[in-house]
Amino acid sequence: MNFVVSTINTVNGPPRETLYEPLRYRRVLDEASVRRVDKRGIVRDLAALPDQLIRGLAIGGGLGPVAVGRRVTVVGMGGSAIAGEVLASWLAAERGLPLAVVKDSSLPPWIDEGDLIAAVSYSGNTLETLAAARAAVVRGCDLVGLSSGGTLRDLCRGRGYPFGALPTGLMPRAAFGTLFGALAGLYDANVRGEVHQAADIVRELGKPLGPPVAMAKNPAKKLAVKLRGRTPILYATPTYAPVARRWQTEMNEMAKVLAWASVLPEADHNELVGWDGDAAAKRFAPVFLRDPAEAEDHARMMDVTRDLLKRRTRVEEVHAKGPSLLSRMLSTVHLGDFTSVYLAVLRKVDPTPVAVIEKLKGRLAKA
């Protein structure tokens with residue numbers, strides 16, 4: 001059982017060898033080279049996703065099942081919010097449970113007294129999340145906090161709200177598994193059990209993705225080479241939309257490249273025209289995230305859209321593996337994380353620093 005990553009050739013025939021030469025990059029992506037570029041070793045934190053999921057379940061489960069039978073909203077930003085978005089998509093698809101995610105400093109007017117607000121900030125000091133958490137307190141909502149410390153911890157403990165302490169020492173984007181597990185742990189034993197089973201599948205599927213595995217057997221390294229020098233555009237159906245968004249943000253932050261995530265069928269009503277008429281289309285790399293259990297209409301739409309795009313550029317397809325929807329979604333996140341690091345290595349940029357975001361936060365704090 002492993003990922004299938006395929007290149008869909010253009011009508012002009014197979015990709016020119018100058019565009020995709022995997023043998024040329026074997027040494028660039030060997031374990032020693034990855035270590036030299038990834039100075040902090042963030043790839044090790046990403047590789048720990050299965051263990052993080054289990055650890056997060058224990059943290060969230062220790063707060064009880066507080067999200068059962070309630071209207072729940074996650075408030076968070078960036079790497080903290082995406083865990084809630086992936087969980088929300090899976091809960092809606094498989095469990096029929098609504099989970100809203102708010103990525104703003106204010107709460108929408110429909111949130112009311114008695115609603116449960118899960119405030120998630122890995123650092124505990126995200127300005128927007130703190131503002132939303134304080135607004136929840138004013139409205140009389142129930143609040144639960146998840147962070148590694150900071151002001152969010154002080155707010156929850158000072159007012160007697162449940163608080164889950166996350167492990168310290170990670171970059172927020174490398175704590176996805178812990179954040180996802182902690183949020184899932186707020187639900188009942190059935191939800192927690194499925195996440196636990198999915199963690200085992202992710203661990204197995206992740207074995208060929210690590211730096212020690214040579215390119216010939218490493219789907220993430222192969223895909224990174226295919227994306228090198230191109231702008232990735234991730235395509236997914238609504239269920240996989242937050243997975244595509246995770247791929248985008250990891251490529252933004254790890255590889256320091258522009259990337260976008262688009263959702264079908266909506267993109268077929270506008271973005272498709274751009275592909276057909278833009279002379280620069282070959283610069284972009286559409287990556288379709290596919291699931292074997294796609295609805296028939298979604299599968300047909302993805303196939304037709306792929307075939308139209310391959311007339312303009314090379315198209316990549318990622319076919320998820322795993323026995324359950326959750327295992328396939330999380331293992332696809334795992335593949336995207338590794339791919340973004342290898343893309344950073346190919347570009348010779350350290351995947352950890354995000355100096356421009358720190359600059360933004362500094363200016364906002366002064367304002």
# chains A, B, ... in the order shown; residues from 1 in each chain; ligands from 1
$ select_by_dssp --residues "stretch 125-231 of chain A" --states "strand (DSSP E)" --output "short mmCIF file (atom, residue, chain, number, x, y, z; two decimals) with C-alpha atoms, in the first residue's frame"
data_model
loop_
_atom_site.label_atom_id
_atom_site.label_comp_id
_atom_site.auth_asym_id
_atom_site.auth_seq_id
_atom_site.Cartn_x
_atom_site.Cartn_y
_atom_site.Cartn_z
CA ASP A 142 -18.30 27.86 26.87
CA LEU A 143 -14.59 28.02 26.09
CA VAL A 144 -11.85 25.42 25.84
CA GLY A 145 -8.27 26.41 25.09
CA LEU A 146 -5.46 24.50 23.38
CA SER A 147 -1.95 25.97 23.32
CA PHE A 163 -7.29 24.01 28.96
CA GLY A 164 -5.16 21.46 27.12
CA ALA A 165 -1.41 22.04 27.33
CA THR A 231 3.92 27.31 -9.38
#
$ closest_atom_pairs --of "stretch 77-124 of chain A" --to "stretch 166-186 of chain A" --cutoff "6 Å" --atoms "only C-alpha atoms" --output "tab-separated table"
residue	atom	partner	partner_atom	distance
A:Gly79	CA	A:Arg173	CA	4.6
A:Ala83	CA	A:Phe180	CA	4.8
A:Tyr122	CA	A:Pro172	CA	5.6
$ closest_residue --among "A:Leu57, A:Ala320, A:Leu127, A:Leu308" --to "A:Thr332" --atoms "only C-alpha atoms"
A:Ala320
$ atom_distance --atom1 "atom CA of A:Ile42" --atom2 "atom CA of A:His334"
13.3 Å
$ select_by_dssp --residues "stretch 58-252 of chain A" --states "helix (DSSP H, G or I)" --output "ChimeraX atom specification"
/A:58-61,78-95,127-139,150-159,172-184,189-205,207-209,215-217,219-227,238-252
$ write_last_selection --atoms "C-alpha atoms" --output "mmCIF file, in the first residue's frame"
data_model
loop_
_atom_site.group_PDB
_atom_site.id
_atom_site.type_symbol
_atom_site.label_atom_id
_atom_site.label_comp_id
_atom_site.auth_asym_id
_atom_site.auth_seq_id
_atom_site.Cartn_x
_atom_site.Cartn_y
_atom_site.Cartn_z
ATOM 1 C CA ALA A 58 -4.681 12.111 25.046
ATOM 2 C CA ILE A 59 -4.599 15.881 25.579
ATOM 3 C CA GLY A 60 -8.074 16.515 24.186
ATOM 4 C CA GLY A 61 -9.525 13.356 25.712
ATOM 5 C CA GLY A 78 -2.704 29.595 10.115
ATOM 6 C CA GLY A 79 -1.263 26.253 11.167
ATOM 7 C CA SER A 80 -3.565 26.140 14.195
ATOM 8 C CA ALA A 81 -6.723 26.648 12.135
ATOM 9 C CA ILE A 82 -5.986 24.110 9.409
ATOM 10 C CA ALA A 83 -6.210 21.216 11.872
ATOM 11 C CA GLY A 84 -9.762 22.316 12.671
ATOM 12 C CA GLU A 85 -10.622 22.619 8.987
ATOM 13 C CA VAL A 86 -9.437 19.099 8.148
ATOM 14 C CA LEU A 87 -11.300 17.708 11.166
ATOM 15 C CA ALA A 88 -14.454 19.638 10.221
ATOM 16 C CA SER A 89 -14.398 18.288 6.679
ATOM 17 C CA TRP A 90 -14.022 14.694 7.855
ATOM 18 C CA LEU A 91 -16.695 15.038 10.572
ATOM 19 C CA ALA A 92 -19.151 16.452 8.044
ATOM 20 C CA ALA A 93 -18.444 13.761 5.448
ATOM 21 C CA GLU A 94 -18.354 10.698 7.706
ATOM 22 C CA ARG A 95 -20.234 11.628 10.871
ATOM 23 C CA LEU A 127 -3.711 38.185 18.510
ATOM 24 C CA GLU A 128 -6.755 37.240 16.433
ATOM 25 C CA THR A 129 -7.404 34.045 18.398
ATOM 26 C CA LEU A 130 -7.135 35.828 21.733
ATOM 27 C CA ALA A 131 -9.570 38.512 20.584
ATOM 28 C CA ALA A 132 -12.081 35.865 19.431
ATOM 29 C CA ALA A 133 -11.679 33.937 22.707
ATOM 30 C CA ARG A 134 -12.355 37.078 24.739
ATOM 31 C CA ALA A 135 -15.412 37.802 22.605
ATOM 32 C CA ALA A 136 -16.665 34.277 23.343
ATOM 33 C CA VAL A 137 -16.339 34.926 27.081
ATOM 34 C CA VAL A 138 -18.312 38.168 26.767
ATOM 35 C CA ARG A 139 -21.105 36.373 24.888
ATOM 36 C CA GLY A 150 1.063 32.044 26.542
ATOM 37 C CA THR A 151 -1.859 34.349 27.146
ATOM 38 C CA LEU A 152 -4.483 31.809 26.062
ATOM 39 C CA ARG A 153 -3.359 29.480 28.857
ATOM 40 C CA ASP A 154 -3.544 32.338 31.373
ATOM 41 C CA LEU A 155 -7.000 33.362 30.141
ATOM 42 C CA CYS A 156 -8.436 29.853 30.464
ATOM 43 C CA ARG A 157 -6.875 28.995 33.792
ATOM 44 C CA GLY A 158 -7.605 32.401 35.247
ATOM 45 C CA ARG A 159 -11.317 32.051 34.463
ATOM 46 C CA PRO A 172 2.976 25.763 14.652
ATOM 47 C CA ARG A 173 2.877 24.231 11.144
ATOM 48 C CA ALA A 174 4.843 21.216 12.430
ATOM 49 C CA ALA A 175 2.345 20.625 15.252
ATOM 50 C CA PHE A 176 -0.566 19.726 12.959
ATOM 51 C CA GLY A 177 -0.938 16.190 14.319
ATOM 52 C CA THR A 178 -1.038 17.314 17.937
ATOM 53 C CA LEU A 179 -3.578 20.036 17.190
ATOM 54 C CA PHE A 180 -5.768 17.712 15.117
ATOM 55 C CA GLY A 181 -5.626 14.957 17.734
ATOM 56 C CA ALA A 182 -6.413 17.363 20.569
ATOM 57 C CA LEU A 183 -9.479 18.715 18.782
ATOM 58 C CA ALA A 184 -10.657 15.207 17.879
ATOM 59 C CA ALA A 189 -14.774 7.477 21.967
ATOM 60 C CA ASN A 190 -15.890 6.538 18.442
ATOM 61 C CA VAL A 191 -14.217 9.595 16.928
ATOM 62 C CA ARG A 192 -11.107 9.108 19.041
ATOM 63 C CA GLY A 193 -10.929 5.443 18.051
ATOM 64 C CA GLU A 194 -11.036 6.197 14.342
ATOM 65 C CA VAL A 195 -8.267 8.788 14.689
ATOM 66 C CA HIS A 196 -6.170 6.221 16.549
ATOM 67 C CA GLN A 197 -6.648 3.681 13.760
ATOM 68 C CA ALA A 198 -5.848 6.301 11.119
ATOM 69 C CA ALA A 199 -2.593 7.132 12.919
ATOM 70 C CA ASP A 200 -1.419 3.547 12.429
ATOM 71 C CA ILE A 201 -2.165 3.733 8.689
ATOM 72 C CA VAL A 202 -0.386 7.094 8.377
ATOM 73 C CA ARG A 203 2.653 5.592 10.107
ATOM 74 C CA GLU A 204 2.805 2.757 7.571
ATOM 75 C CA LEU A 205 2.249 4.988 4.545
ATOM 76 C CA LYS A 207 7.713 4.961 5.818
ATOM 77 C CA PRO A 208 8.800 5.602 2.204
ATOM 78 C CA LEU A 209 8.575 9.413 2.559
ATOM 79 C CA MET A 215 14.241 8.999 -4.671
ATOM 80 C CA ALA A 216 13.450 5.885 -6.683
ATOM 81 C CA LYS A 217 11.170 4.664 -3.873
ATOM 82 C CA PRO A 219 6.909 9.556 -3.789
ATOM 83 C CA ALA A 220 7.471 12.887 -2.008
ATOM 84 C CA LYS A 221 10.938 13.389 -3.499
ATOM 85 C CA LYS A 222 9.710 12.463 -6.975
ATOM 86 C CA LEU A 223 6.837 14.928 -6.752
ATOM 87 C CA ALA A 224 9.071 17.724 -5.440
ATOM 88 C CA VAL A 225 11.312 17.348 -8.497
ATOM 89 C CA LYS A 226 8.280 17.525 -10.790
ATOM 90 C CA LEU A 227 7.140 20.750 -9.113
ATOM 91 C CA PRO A 238 -14.906 19.917 -1.288
ATOM 92 C CA THR A 239 -14.033 17.153 1.204
ATOM 93 C CA TYR A 240 -10.330 17.401 0.356
ATOM 94 C CA ALA A 241 -10.368 21.210 0.133
ATOM 95 C CA PRO A 242 -8.653 21.733 3.525
ATOM 96 C CA VAL A 243 -6.068 19.077 2.609
ATOM 97 C CA ALA A 244 -5.274 21.054 -0.547
ATOM 98 C CA ARG A 245 -5.124 24.208 1.550
ATOM 99 C CA ARG A 246 -2.605 22.514 3.851
ATOM 100 C CA TRP A 247 -0.441 21.622 0.849
ATOM 101 C CA GLN A 248 -0.587 25.230 -0.295
ATOM 102 C CA THR A 249 0.382 26.732 3.052
ATOM 103 C CA GLU A 250 3.215 24.253 3.566
ATOM 104 C CA MET A 251 4.646 25.119 0.169
ATOM 105 C CA ASN A 252 4.293 28.807 0.999
#
$ residues_around --residues "A:Val263" --least-positions-apart "5" --cutoff "6 Å" --atoms "only C-alpha atoms" --output "PDB file with N, CA and C atoms, in the first residue's frame"
ATOM      1  N   TYR A 235      -5.687  21.069  -6.694  1.00  0.00           N
ATOM      2  CA  TYR A 235      -7.109  20.906  -6.992  1.00  0.00           C
ATOM      3  C   TYR A 235      -7.682  19.762  -6.169  1.00  0.00           C
ATOM      4  N   ALA A 236      -8.862  20.003  -5.606  1.00  0.00           N
ATOM      5  CA  ALA A 236      -9.506  18.991  -4.773  1.00  0.00           C
ATOM      6  C   ALA A 236     -11.016  19.169  -4.813  1.00  0.00           C
ATOM      7  N   THR A 237     -11.731  18.125  -4.461  1.00  0.00           N
ATOM      8  CA  THR A 237     -13.169  18.215  -4.255  1.00  0.00           C
ATOM      9  C   THR A 237     -13.415  18.825  -2.878  1.00  0.00           C
TER      10      THR A 237
END
$ atom_distance --atom1 "atom CA of A:Val304" --atom2 "atom CA of A:Met329"
22.8 Å
$ residues_around --residues "A:Lys282" --least-positions-apart "6" --cutoff "10 Å" --atoms "only C-alpha atoms" --output "list in words"
Arg230, Thr231, Trp275, Leu309, Lys310, Arg311, Arg312, Thr313, Arg314 and Val315 of chain A
$ write_last_selection --atoms "C-alpha atoms" --output "short mmCIF file (atom, residue, chain, number, x, y, z; two decimals), in the first residue's frame"
data_model
loop_
_atom_site.label_atom_id
_atom_site.label_comp_id
_atom_site.auth_asym_id
_atom_site.auth_seq_id
_atom_site.Cartn_x
_atom_site.Cartn_y
_atom_site.Cartn_z
CA ARG A 230 6.77 25.76 -11.38
CA THR A 231 3.92 27.31 -9.38
CA TRP A 275 -6.06 28.01 -18.12
CA LEU A 309 -5.59 21.15 -18.44
CA LYS A 310 -3.12 18.65 -19.85
CA ARG A 311 -3.50 20.42 -23.20
CA ARG A 312 -1.88 23.47 -21.57
CA THR A 313 0.69 22.06 -19.13
CA ARG A 314 1.89 18.94 -17.32
CA VAL A 315 -0.61 17.69 -14.77
#
$ closest_residue --among "A:Val273, A:Ala100, A:Ala355, A:Leu326" --to "A:Asp291" --atoms "only C-alpha atoms"
A:Leu326
$ atom_distance --atom1 "atom CA of A:Gly210" --atom2 "atom CA of A:Lys348"
17.9 Å
$ residues_around --residues "stretch 26-40 of chain A" --least-positions-apart "2" --cutoff "9 Å" --atoms "only C-alpha atoms" --output "compact mmCIF listing (two decimals) with N, CA and C atoms, in the first residue's frame"
# COMPACT_ATOMS: atom_id res chain seq x y z
N PRO A 22 14.88 13.07 -12.78
CA PRO A 22 14.99 12.62 -11.39
C PRO A 22 16.39 12.18 -11.01
N LEU A 23 17.11 11.55 -11.92
CA LEU A 23 18.44 11.07 -11.57
C LEU A 23 19.37 12.22 -11.21
N ARG A 24 19.15 13.34 -11.85
CA ARG A 24 19.99 14.51 -11.63
C ARG A 24 19.90 15.02 -10.19
N ILE A 42 13.19 20.42 10.82
CA ILE A 42 11.73 20.42 10.91
C ILE A 42 11.13 19.18 10.27
N VAL A 43 11.87 18.54 9.35
CA VAL A 43 11.36 17.33 8.71
C VAL A 43 11.13 16.23 9.74
N GLY A 210 10.44 9.49 4.14
CA GLY A 210 11.49 10.15 4.91
C GLY A 210 12.78 10.35 4.13
N PRO A 211 13.66 11.24 4.63
CA PRO A 211 14.93 11.54 3.95
C PRO A 211 15.81 10.32 3.68
N PRO A 212 15.84 9.27 4.54
CA PRO A 212 16.72 8.13 4.25
C PRO A 212 16.30 7.32 3.02
N VAL A 213 15.05 7.45 2.59
CA VAL A 213 14.55 6.65 1.46
C VAL A 213 14.96 7.32 0.15
N ALA A 214 15.59 6.56 -0.73
CA ALA A 214 16.08 7.09 -2.00
C ALA A 214 14.93 7.54 -2.89
N MET A 215 15.26 8.42 -3.80
CA MET A 215 14.24 9.00 -4.67
C MET A 215 13.47 7.94 -5.44
N ALA A 216 14.11 6.90 -5.87
CA ALA A 216 13.45 5.89 -6.68
C ALA A 216 12.25 5.26 -5.98
N LYS A 221 9.78 12.85 -2.78
CA LYS A 221 10.94 13.39 -3.50
C LYS A 221 10.65 13.48 -5.00
N VAL A 341 9.02 20.15 2.08
CA VAL A 341 10.38 20.23 2.58
C VAL A 341 11.38 19.91 1.47
N TYR A 342 11.11 18.88 0.68
CA TYR A 342 12.03 18.52 -0.40
C TYR A 342 12.07 19.62 -1.47
N ALA A 344 11.81 22.74 -0.75
CA ALA A 344 12.70 23.73 -0.12
C ALA A 344 14.16 23.35 -0.32
N VAL A 345 14.46 22.08 -0.14
CA VAL A 345 15.84 21.61 -0.31
C VAL A 345 16.30 21.82 -1.75
N LEU A 346 15.44 21.53 -2.71
CA LEU A 346 15.79 21.75 -4.11
C LEU A 346 16.07 23.23 -4.39
N LYS A 348 17.23 25.19 -2.10
CA LYS A 348 18.31 25.57 -1.17
C LYS A 348 17.88 26.67 -0.21
N VAL A 349 16.66 26.56 0.31
CA VAL A 349 16.16 27.49 1.31
C VAL A 349 15.78 26.72 2.57
N ASP A 350 16.17 27.22 3.71
CA ASP A 350 15.85 26.59 4.99
C ASP A 350 14.33 26.62 5.17
N PRO A 351 13.68 25.48 5.37
CA PRO A 351 12.22 25.47 5.46
C PRO A 351 11.65 26.09 6.74
N THR A 352 12.46 26.28 7.77
CA THR A 352 11.91 26.74 9.04
C THR A 352 11.62 28.24 9.12
$ closest_residue --among "A:Gly160, A:Gly96, A:Gly206, A:Pro323" --to "A:Leu49" --atoms "only C-alpha atoms"
A:Gly206
$ closest_residue --among "A:Val287, A:Ala47, A:Ala255, A:Leu116" --to "A:Ser6" --atoms "only C-alpha atoms"
A:Val287
